[in-house]
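The data block below is start27.pdb; it holds PDB, C-alpha atoms, pLDDT in the B column.
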ATOM      1  CA  MET K  30       0.000   0.000   0.000  1.00 59.00           C
ATOM      2  CA  LEU K  31       1.308   3.435  -0.916  1.00 69.00           C
ATOM      3  CA  LYS K  32       2.057   5.535   2.154  1.00 80.00           C
ATOM      4  CA  HIS K  33       2.303   9.286   2.588  1.00 82.00           C
ATOM      5  CA  SER K  34       5.921   8.943   3.735  1.00 84.00           C
ATOM      6  CA  ASP K  35       6.807   6.899   0.607  1.00 84.00           C
ATOM      7  CA  VAL K  36       5.857   9.741  -1.749  1.00 88.00           C
ATOM      8  CA  TRP K  37       7.714  12.390   0.242  1.00 90.00           C
ATOM      9  CA  ARG K  38      10.767  10.130   0.537  1.00 87.00           C
ATOM     10  CA  ALA K  39      10.682   9.705  -3.277  1.00 87.00           C
ATOM     11  CA  ILE K  40      10.627  13.487  -3.762  1.00 92.00           C
ATOM     12  CA  ASP K  41      13.569  13.902  -1.370  1.00 91.00           C
ATOM     13  CA  ALA K  42      15.498  11.089  -3.100  1.00 86.00           C
ATOM     14  CA  LEU K  43      14.826  12.463  -6.582  1.00 87.00           C
ATOM     15  CA  ALA K  44      16.032  15.902  -5.492  1.00 90.00           C
ATOM     16  CA  ARG K  45      19.184  14.410  -3.965  1.00 88.00           C
ATOM     17  CA  GLU K  46      19.858  12.237  -7.048  1.00 83.00           C
ATOM     18  CA  LYS K  47      19.563  15.266  -9.346  1.00 86.00           C
ATOM     19  CA  GLY K  48      21.790  17.453  -7.150  1.00 89.00           C
ATOM     20  CA  TYR K  49      19.112  19.594  -5.504  1.00 93.00           C
ATOM     21  CA  SER K  50      17.655  20.139  -2.080  1.00 93.00           C
ATOM     22  CA  PRO K  51      13.853  19.625  -2.020  1.00 93.00           C
ATOM     23  CA  SER K  52      13.493  23.427  -2.012  1.00 94.00           C
ATOM     24  CA  GLY K  53      15.923  23.767  -4.906  1.00 94.00           C
ATOM     25  CA  LEU K  54      14.023  21.170  -6.935  1.00 94.00           C
ATOM     26  CA  ALA K  55      10.738  22.957  -6.259  1.00 94.00           C
ATOM     27  CA  LYS K  56      12.251  26.260  -7.398  1.00 95.00           C
ATOM     28  CA  GLN K  57      13.746  24.641 -10.519  1.00 95.00           C
ATOM     29  CA  ALA K  58      10.255  23.317 -11.346  1.00 95.00           C
ATOM     30  CA  GLY K  59       8.705  26.769 -11.058  1.00 95.00           C
ATOM     31  CA  LEU K  60       7.005  25.997  -7.741  1.00 95.00           C
ATOM     32  CA  ASP K  61       7.164  27.952  -4.513  1.00 94.00           C
ATOM     33  CA  PRO K  62      10.518  26.956  -2.924  1.00 93.00           C
ATOM     34  CA  THR K  63       8.709  25.955   0.289  1.00 93.00           C
ATOM     35  CA  THR K  64       6.364  23.490  -1.522  1.00 93.00           C
ATOM     36  CA  PHE K  65       8.277  20.419  -0.329  1.00 92.00           C
ATOM     37  CA  ASN K  66       9.409  21.694   3.076  1.00 92.00           C
ATOM     38  CA  LYS K  67       8.947  19.172   5.876  1.00 90.00           C
ATOM     39  CA  SER K  68       6.759  21.674   7.738  1.00 89.00           C
ATOM     40  CA  LYS K  69       4.270  21.631   4.832  1.00 88.00           C
ATOM     41  CA  ARG K  70       3.831  17.863   4.810  1.00 90.00           C
ATOM     42  CA  ILE K  71       1.397  17.986   7.715  1.00 90.00           C
ATOM     43  CA  THR K  72      -1.446  20.508   8.003  1.00 87.00           C
ATOM     44  CA  ALA K  73      -1.955  22.747  11.051  1.00 87.00           C
ATOM     45  CA  GLU K  74      -4.700  20.289  12.087  1.00 90.00           C
ATOM     46  CA  GLY K  75      -2.211  17.407  12.012  1.00 88.00           C
ATOM     47  CA  LYS K  76      -3.497  15.811   8.798  1.00 90.00           C
ATOM     48  CA  GLN K  77      -1.108  14.440   6.206  1.00 91.00           C
ATOM     49  CA  ARG K  78      -0.735  16.639   3.141  1.00 89.00           C
ATOM     50  CA  TRP K  79       0.001  14.831  -0.111  1.00 90.00           C
ATOM     51  CA  PRO K  80       1.920  16.496  -2.943  1.00 90.00           C
ATOM     52  CA  SER K  81      -0.247  17.228  -5.965  1.00 90.00           C
ATOM     53  CA  THR K  82       0.143  15.298  -9.194  1.00 88.00           C
ATOM     54  CA  GLU K  83       0.776  18.652 -10.877  1.00 92.00           C
ATOM     55  CA  SER K  84       3.741  19.294  -8.546  1.00 93.00           C
ATOM     56  CA  ILE K  85       5.146  15.841  -9.252  1.00 92.00           C
ATOM     57  CA  SER K  86       4.695  16.342 -12.988  1.00 92.00           C
ATOM     58  CA  LYS K  87       6.573  19.640 -12.801  1.00 94.00           C
ATOM     59  CA  ILE K  88       9.532  18.219 -10.872  1.00 94.00           C
ATOM     60  CA  LEU K  89       9.786  15.296 -13.289  1.00 91.00           C
ATOM     61  CA  ARG K  90       9.921  17.698 -16.222  1.00 92.00           C
ATOM     62  CA  ALA K  91      12.404  20.009 -14.476  1.00 93.00           C
ATOM     63  CA  SER K  92      14.728  17.166 -13.482  1.00 90.00           C
ATOM     64  CA  ASP K  93      14.350  15.255 -16.773  1.00 87.00           C
ATOM     65  CA  ALA K  94      13.239  12.194 -14.827  1.00 82.00           C
ATOM     66  CA  SER K  95      10.709   9.618 -15.964  1.00 79.00           C
ATOM     67  CA  LEU K  96       7.733   8.514 -13.908  1.00 78.00           C
ATOM     68  CA  GLY K  97       9.399   5.091 -13.684  1.00 73.00           C
ATOM     69  CA  GLU K  98      12.500   6.649 -12.163  1.00 74.00           C
ATOM     70  CA  PHE K  99      10.385   8.547  -9.636  1.00 81.00           C
ATOM     71  CA  LEU K 100       8.469   5.388  -8.721  1.00 75.00           C
ATOM     72  CA  SER K 101      11.727   3.539  -8.215  1.00 71.00           C
ATOM     73  CA  TYR K 102      12.402   5.789  -5.215  1.00 75.00           C
ATOM     74  CA  ILE K 103       9.222   4.626  -3.481  1.00 74.00           C
ATOM     75  CA  GLY K 104       9.846   1.757  -1.083  1.00 58.00           C
ATOM     76  CA  ASP K 105      12.496   0.381   1.197  1.00 49.00           C
ATOM     77  CA  GLY K 106      14.025  -2.331  -0.986  1.00 45.00           C
ATOM     78  CA  GLU K 107      17.731  -2.625  -1.598  1.00 44.00           C
ATOM     79  CA  GLY K 108      18.732  -0.766  -4.713  1.00 48.00           C
ATOM     80  CA  ILE K 109      15.570   1.331  -4.817  1.00 50.00           C
ATOM     81  CA  GLY K 110      16.177   4.490  -6.783  1.00 52.00           C
ATOM     82  CA  ILE K 111      19.475   3.318  -8.209  1.00 60.00           C
ATOM     83  CA  PHE K 112      19.439   2.994 -11.975  1.00 65.00           C
ATOM     84  CA  ARG K 113      22.045   0.947 -13.731  1.00 70.00           C
ATOM     85  CA  ASN K 114      22.429  -0.131 -17.326  1.00 78.00           C
ATOM     86  CA  VAL K 115      21.474  -3.682 -18.208  1.00 82.00           C
ATOM     87  CA  PRO K 116      22.275  -5.385 -21.520  1.00 79.00           C
ATOM     88  CA  LEU K 117      19.415  -5.349 -24.047  1.00 82.00           C
ATOM     89  CA  ILE K 118      19.550  -8.488 -26.137  1.00 80.00           C
ATOM     90  CA  GLY K 119      17.240  -9.358 -29.020  1.00 76.00           C
ATOM     91  CA  PHE K 120      15.566 -12.762 -28.984  1.00 67.00           C
ATOM     92  CA  ALA K 121      17.379 -13.693 -32.205  1.00 59.00           C
ATOM     93  CA  GLN K 122      20.731 -12.812 -30.584  1.00 62.00           C
ATOM     94  CA  ALA K 123      19.844 -14.763 -27.444  1.00 63.00           C
ATOM     95  CA  GLY K 124      19.722 -18.013 -29.392  1.00 58.00           C
ATOM     96  CA  LYS K 125      23.209 -17.586 -30.850  1.00 59.00           C
ATOM     97  CA  GLU K 126      26.445 -18.769 -29.324  1.00 60.00           C
ATOM     98  CA  GLY K 127      28.635 -16.302 -27.463  1.00 60.00           C
ATOM     99  CA  PHE K 128      25.978 -14.155 -25.775  1.00 66.00           C
ATOM    100  CA  PHE K 129      25.701 -16.137 -22.505  1.00 71.00           C
ATOM    101  CA  ASP K 130      28.038 -18.133 -20.313  1.00 72.00           C
ATOM    102  CA  ASP K 131      27.172 -21.596 -18.959  1.00 69.00           C
ATOM    103  CA  ALA K 132      25.228 -20.100 -16.023  1.00 66.00           C
ATOM    104  CA  GLY K 133      23.000 -17.971 -18.270  1.00 69.00           C
ATOM    105  CA  TYR K 134      24.800 -14.686 -17.599  1.00 69.00           C
ATOM    106  CA  PRO K 135      25.255 -12.323 -20.557  1.00 72.00           C
ATOM    107  CA  ILE K 136      28.853 -11.973 -21.719  1.00 72.00           C
ATOM    108  CA  GLY K 137      30.623  -9.843 -24.275  1.00 67.00           C
ATOM    109  CA  GLY K 138      29.417  -6.371 -25.080  1.00 65.00           C
ATOM    110  CA  SER K 139      27.933  -6.258 -28.566  1.00 63.00           C
ATOM    111  CA  TRP K 140      24.495  -5.131 -27.418  1.00 71.00           C
ATOM    112  CA  ASP K 141      22.565  -2.022 -26.513  1.00 79.00           C
ATOM    113  CA  GLU K 142      21.939  -1.131 -22.883  1.00 79.00           C
ATOM    114  CA  ILE K 143      18.910   0.309 -21.107  1.00 77.00           C
ATOM    115  CA  PRO K 144      18.669   1.893 -17.631  1.00 74.00           C
ATOM    116  CA  PHE K 145      16.650  -0.078 -15.084  1.00 75.00           C
ATOM    117  CA  PRO K 146      16.060   0.647 -11.380  1.00 68.00           C
ATOM    118  CA  GLY K 147      16.513  -1.358  -8.232  1.00 62.00           C
ATOM    119  CA  LEU K 148      17.844  -4.726  -9.393  1.00 64.00           C
ATOM    120  CA  GLY K 149      19.780  -6.834  -6.923  1.00 67.00           C
ATOM    121  CA  ASP K 150      21.104  -9.136  -9.665  1.00 74.00           C
ATOM    122  CA  ASP K 151      24.282  -7.901 -11.352  1.00 77.00           C
ATOM    123  CA  HIS K 152      23.726 -10.432 -14.144  1.00 82.00           C
ATOM    124  CA  ALA K 153      20.195  -9.290 -15.050  1.00 84.00           C
ATOM    125  CA  TYR K 154      19.531  -8.418 -18.657  1.00 85.00           C
ATOM    126  CA  ALA K 155      16.715  -7.289 -20.917  1.00 87.00           C
ATOM    127  CA  LEU K 156      15.303  -9.324 -23.786  1.00 86.00           C
ATOM    128  CA  GLU K 157      13.393  -7.652 -26.586  1.00 87.00           C
ATOM    129  CA  ILE K 158      10.452  -9.790 -27.691  1.00 86.00           C
ATOM    130  CA  SER K 159      10.070 -10.435 -31.396  1.00 84.00           C
ATOM    131  CA  GLY K 160       7.136 -12.075 -33.117  1.00 83.00           C
ATOM    132  CA  ASP K 161       3.733 -13.069 -31.765  1.00 82.00           C
ATOM    133  CA  SER K 162       4.498 -16.398 -30.067  1.00 77.00           C
ATOM    134  CA  MET K 163       4.074 -14.909 -26.577  1.00 78.00           C
ATOM    135  CA  GLU K 164       0.908 -12.882 -27.121  1.00 83.00           C
ATOM    136  CA  PRO K 165      -1.171 -11.766 -25.342  1.00 83.00           C
ATOM    137  CA  ALA K 166       1.219 -11.494 -22.365  1.00 82.00           C
ATOM    138  CA  TYR K 167       4.127 -10.113 -24.393  1.00 85.00           C
ATOM    139  CA  ARG K 168       3.898  -8.461 -27.793  1.00 87.00           C
ATOM    140  CA  ASP K 169       6.418  -7.822 -30.532  1.00 88.00           C
ATOM    141  CA  GLY K 170       8.735  -5.052 -29.309  1.00 87.00           C
ATOM    142  CA  ASP K 171       8.030  -5.515 -25.571  1.00 87.00           C
ATOM    143  CA  THR K 172      11.002  -5.765 -23.248  1.00 88.00           C
ATOM    144  CA  VAL K 173      11.325  -8.259 -20.392  1.00 87.00           C
ATOM    145  CA  ILE K 174      13.921  -8.137 -17.635  1.00 87.00           C
ATOM    146  CA  VAL K 175      15.414 -11.546 -16.810  1.00 88.00           C
ATOM    147  CA  SER K 176      17.147 -12.266 -13.510  1.00 85.00           C
ATOM    148  CA  PRO K 177      19.305 -15.413 -13.697  1.00 84.00           C
ATOM    149  CA  GLN K 178      19.915 -15.308  -9.929  1.00 83.00           C
ATOM    150  CA  ALA K 179      16.227 -15.024  -8.938  1.00 82.00           C
ATOM    151  CA  SER K 180      14.750 -18.135  -7.366  1.00 82.00           C
ATOM    152  CA  ILE K 181      12.178 -19.840  -9.569  1.00 83.00           C
ATOM    153  CA  ARG K 182       8.834 -21.036  -8.266  1.00 82.00           C
ATOM    154  CA  ARG K 183       6.065 -22.999  -9.940  1.00 78.00           C
ATOM    155  CA  GLY K 184       4.010 -20.633 -12.121  1.00 80.00           C
ATOM    156  CA  ASP K 185       6.813 -18.114 -12.693  1.00 84.00           C
ATOM    157  CA  ARG K 186       7.411 -16.918 -16.222  1.00 85.00           C
ATOM    158  CA  VAL K 187      10.878 -17.951 -17.274  1.00 86.00           C
ATOM    159  CA  VAL K 188      13.218 -17.886 -20.228  1.00 83.00           C
ATOM    160  CA  VAL K 189      15.031 -21.125 -20.998  1.00 81.00           C
ATOM    161  CA  LYS K 190      18.030 -21.779 -23.206  1.00 78.00           C
ATOM    162  CA  THR K 191      18.217 -25.286 -24.577  1.00 77.00           C
ATOM    163  CA  ARG K 192      21.452 -27.010 -25.475  1.00 76.00           C
ATOM    164  CA  ASN K 193      20.733 -26.612 -29.174  1.00 68.00           C
ATOM    165  CA  GLY K 194      20.602 -22.804 -28.786  1.00 61.00           C
ATOM    166  CA  GLU K 195      16.849 -22.262 -28.890  1.00 63.00           C
ATOM    167  CA  VAL K 196      15.401 -19.793 -26.350  1.00 62.00           C
ATOM    168  CA  ILE K 197      11.846 -20.666 -25.258  1.00 63.00           C
ATOM    169  CA  GLU K 198       9.350 -20.425 -22.424  1.00 57.00           C
ATOM    170  CA  LEU K 199       8.177 -23.744 -21.042  1.00 66.00           C
ATOM    171  CA  GLY K 200       4.471 -23.001 -20.661  1.00 71.00           C
ATOM    172  CA  SER K 201       3.059 -21.388 -23.737  1.00 69.00           C
ATOM    173  CA  ILE K 202       1.391 -18.054 -23.094  1.00 73.00           C
ATOM    174  CA  ASN K 203      -0.223 -17.998 -26.521  1.00 73.00           C
ATOM    175  CA  PRO K 204      -2.802 -20.794 -26.909  1.00 80.00           C
ATOM    176  CA  LYS K 205      -1.892 -21.055 -30.617  1.00 83.00           C
ATOM    177  CA  HIS K 206       1.514 -22.436 -29.606  1.00 79.00           C
ATOM    178  CA  PRO K 207       1.884 -25.726 -27.683  1.00 81.00           C
ATOM    179  CA  ASP K 208       3.557 -26.051 -24.293  1.00 81.00           C
ATOM    180  CA  ARG K 209       7.032 -27.551 -24.319  1.00 77.00           C
ATOM    181  CA  GLU K 210       8.274 -30.361 -22.113  1.00 77.00           C
ATOM    182  CA  LEU K 211      12.045 -30.525 -21.780  1.00 76.00           C
ATOM    183  CA  SER K 212      14.119 -33.000 -19.815  1.00 77.00           C
ATOM    184  CA  THR K 213      16.734 -31.447 -17.547  1.00 74.00           C
ATOM    185  CA  ASN K 214      19.592 -32.686 -19.726  1.00 78.00           C
ATOM    186  CA  GLU K 215      18.187 -30.544 -22.561  1.00 79.00           C
ATOM    187  CA  LEU K 216      18.539 -27.314 -20.537  1.00 80.00           C
ATOM    188  CA  ASP K 217      21.551 -25.030 -20.532  1.00 78.00           C
ATOM    189  CA  TRP K 218      20.011 -22.521 -18.107  1.00 79.00           C
ATOM    190  CA  MET K 219      16.772 -20.915 -16.951  1.00 84.00           C
ATOM    191  CA  GLY K 220      16.137 -17.316 -15.788  1.00 85.00           C
ATOM    192  CA  ARG K 221      13.026 -15.798 -14.224  1.00 87.00           C
ATOM    193  CA  ILE K 222      11.260 -12.860 -15.890  1.00 86.00           C
ATOM    194  CA  VAL K 223      11.017 -10.245 -13.133  1.00 83.00           C
ATOM    195  CA  TRP K 224       9.555  -7.305 -15.101  1.00 82.00           C
ATOM    196  CA  SER K 225       8.042  -6.510 -18.477  1.00 81.00           C
ATOM    197  CA  SER K 226       7.136  -3.370 -20.419  1.00 77.00           C
ATOM    198  CA  GLN K 227       3.526  -3.453 -21.582  1.00 58.00           C
TER     199      GLN K 227
END
Show me, as structure tokens, the structure contained in the file I just sent.
Amino acid sequence: MLKHSDVWRAIDALAREKGYSPSGLAKQAGLDPTTFNKSKRITAEGKQRWPSTESISKILRASDASLGEFLSYIGDGEGIGIFRNVPLIGFAQAGKEGFFDDAGYPIGGSWDEIPFPGLGDDHAYALEISGDSMEPAYRDGDTVIVSPQASIRRGDRVVVKTRNGEVIELGSINPKHPDRELSTNELDWMGRIVWSSQ
């Protein structure tokens, strides 16, 4: 559940990340410099005061931050608010030799990178979906973030690399494509999908 303190903490963190004090960020956004002062977060009657969506929109524009970046500052998880670049690999590339080591970690450097917040897995990477085999969950052009170190539970969406170089999901998302059953000796590695753009 979103808490009052989460939103204010995100504003403070965004200001700090962009090199401002909360007052400096407010001023940069064309707001009254006292808009985000701690004294203004509670009314005289003791009620919590929430920042307006207009104020948040203005600070995002002024700091050149995305809504996703702002949202990454909400919460207490490790890595929250910290963006780092992850490799972006096309599905066609993923099936070729030389893009992953034996544990399913991306290797080399002949790929694009995208910024992504709050990942605790240094080996995480992004896969760009191509084709319609994973509709309706994932469409052509969507991006999924795969975490090779994430524990896998029954029902998780995963990406699997078989020994012959094919990259597939075990349970078909699209009813037009059959599920696949693979014996363990057919698998090179498996990584859990932890996020997707949709």
Care to translate the PyMOL selection byres ((chain K and resi 43-52) around 8) into actual residues of this file, as an mmCIF file with C-alpha atoms, in the coordinates of the input?
data_model
loop_
_atom_site.group_PDB
_atom_site.id
_atom_site.type_symbol
_atom_site.label_atom_id
_atom_site.label_comp_id
_atom_site.auth_asym_id
_atom_site.auth_seq_id
_atom_site.Cartn_x
_atom_site.Cartn_y
_atom_site.Cartn_z
ATOM 1 C CA ALA K 39 10.682 9.705 -3.277
ATOM 2 C CA ILE K 40 10.627 13.487 -3.762
ATOM 3 C CA ASP K 41 13.569 13.902 -1.370
ATOM 4 C CA ALA K 42 15.498 11.089 -3.100
ATOM 5 C CA GLY K 53 15.923 23.767 -4.906
ATOM 6 C CA LEU K 54 14.023 21.170 -6.935
ATOM 7 C CA ALA K 55 10.738 22.957 -6.259
ATOM 8 C CA LYS K 56 12.251 26.260 -7.398
ATOM 9 C CA PRO K 62 10.518 26.956 -2.924
ATOM 10 C CA THR K 63 8.709 25.955 0.289
ATOM 11 C CA THR K 64 6.364 23.490 -1.522
ATOM 12 C CA PHE K 65 8.277 20.419 -0.329
ATOM 13 C CA ASN K 66 9.409 21.694 3.076
ATOM 14 C CA SER K 92 14.728 17.166 -13.482
ATOM 15 C CA PHE K 99 10.385 8.547 -9.636
ATOM 16 C CA TYR K 102 12.402 5.789 -5.215
#
Next item on the list: Enter the distance from CA of Ser84 in chain K to CA of Arg113 in chain K, in Å, rounded to one decimal.
Entry: 26.4 Å
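Nearest residue to Ala166 in chain K among K:Asn214, K:Trp224, K:Phe129, K:Trp140 is K:Trp224, counting only C-alpha atoms.
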Checklist line | Interatomic distance (Å, one decimal) between CA of Ile136 in chain K and CA of Ala179 in chain K | finding: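 Calculated distance between CA of Ile136 in chain K and CA of Ala179 in chain K is 18.2 Å.
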Non-local contacts of Ser34 in chain K (10 Å; all atoms listed in the file; under 3 positions in same chain excluded) as a PDB file with C-alpha atoms, keeping the file's coordinate frame:
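This is the output file around-v1.pdb:
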ATOM      1  CA  LEU K  31       1.308   3.435  -0.916  1.00 69.00           C
ATOM      2  CA  TRP K  37       7.714  12.390   0.242  1.00 90.00           C
ATOM      3  CA  ARG K  38      10.767  10.130   0.537  1.00 87.00           C
ATOM      4  CA  ALA K  39      10.682   9.705  -3.277  1.00 87.00           C
ATOM      5  CA  ILE K  40      10.627  13.487  -3.762  1.00 92.00           C
ATOM      6  CA  ARG K  70       3.831  17.863   4.810  1.00 90.00           C
ATOM      7  CA  GLN K  77      -1.108  14.440   6.206  1.00 91.00           C
ATOM      8  CA  TRP K  79       0.001  14.831  -0.111  1.00 90.00           C
ATOM      9  CA  ILE K 103       9.222   4.626  -3.481  1.00 74.00           C
ATOM     10  CA  GLY K 104       9.846   1.757  -1.083  1.00 58.00           C
TER      11      GLY K 104
END
Could you give me, as a compact mmCIF listing (two decimals) with C-alpha atoms, in the frame of the given file, the residues within 10 Å of His206 in chain K, counting all atoms listed in the file and dropping anything in the same chain fewer than 3 positions from it?
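Final file, result.txt:
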# COMPACT_ATOMS: atom_id res chain seq x y z
CA ASP K 161 3.73 -13.07 -31.76
CA SER K 162 4.50 -16.40 -30.07
CA MET K 163 4.07 -14.91 -26.58
CA GLU K 164 0.91 -12.88 -27.12
CA GLY K 200 4.47 -23.00 -20.66
CA SER K 201 3.06 -21.39 -23.74
CA ILE K 202 1.39 -18.05 -23.09
CA ASN K 203 -0.22 -18.00 -26.52
CA ARG K 209 7.03 -27.55 -24.32
Box for range 214-224 of chain K - axis-aligned, 3 Å on each of the six sides, all listed atoms - centre and size in Å to one decimal, as AutoDock Vina command-line options.
--center_x 15.6 --center_y -20.0 --center_z -17.8 --size_x 18.0 --size_y 31.4 --size_z 15.4
Notebook entry, point to check: Hey, can you check how far CA of His152 in chain K sits from CA of Val188 in chain K?
Noted result: 14.2 Å
Check: On this structure, which residues satisfy the PyMOL selection byres ((chain K and resi 144) around 6), written as an NGL selection string?
Finding: :K and (112-114 or 143 or 145)
Next item on the list: Check which residues satisfy the PyMOL selection byres ((chain K and resi 170) around 7) in the file shown, then give them as a list in words.
Entry: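 Residues picked by the PyMOL selection byres ((chain K and resi 170) around 7): Glu157, Ile158, Ser159, Arg168, Asp169, Asp171 and Thr172 of chain K.
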Notebook entry, point to check: Between K:Lys67, K:Ser226, K:Gln178, K:Pro204, which is the closest to Gly97 in chain K once you count all atoms listed in the file?
Noted result: K:Ser226
Next item on the list: Would you mind telling me which residue in K:Gly119, K:Gly75, K:Pro80, K:Pro135 lies nearest to Pro177 in chain K when using all atoms listed in the file?
Entry: K:Pro135
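Checking K:Ser81, K:Ser212, K:Thr191, K:Ser176 one by one against His33 in chain K, counting all atoms listed in the file, you find the shortest gap at K:Ser81.
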Note to self: For a cutoff of 7 Å around the file-coordinate point (19.3, -7.7, -25.2), which residues qualify once you count all atoms listed in the file? I'd like the result as a PyMOL selection string.
What the structure shows: chain K and resi 116-119+140-141+154-157
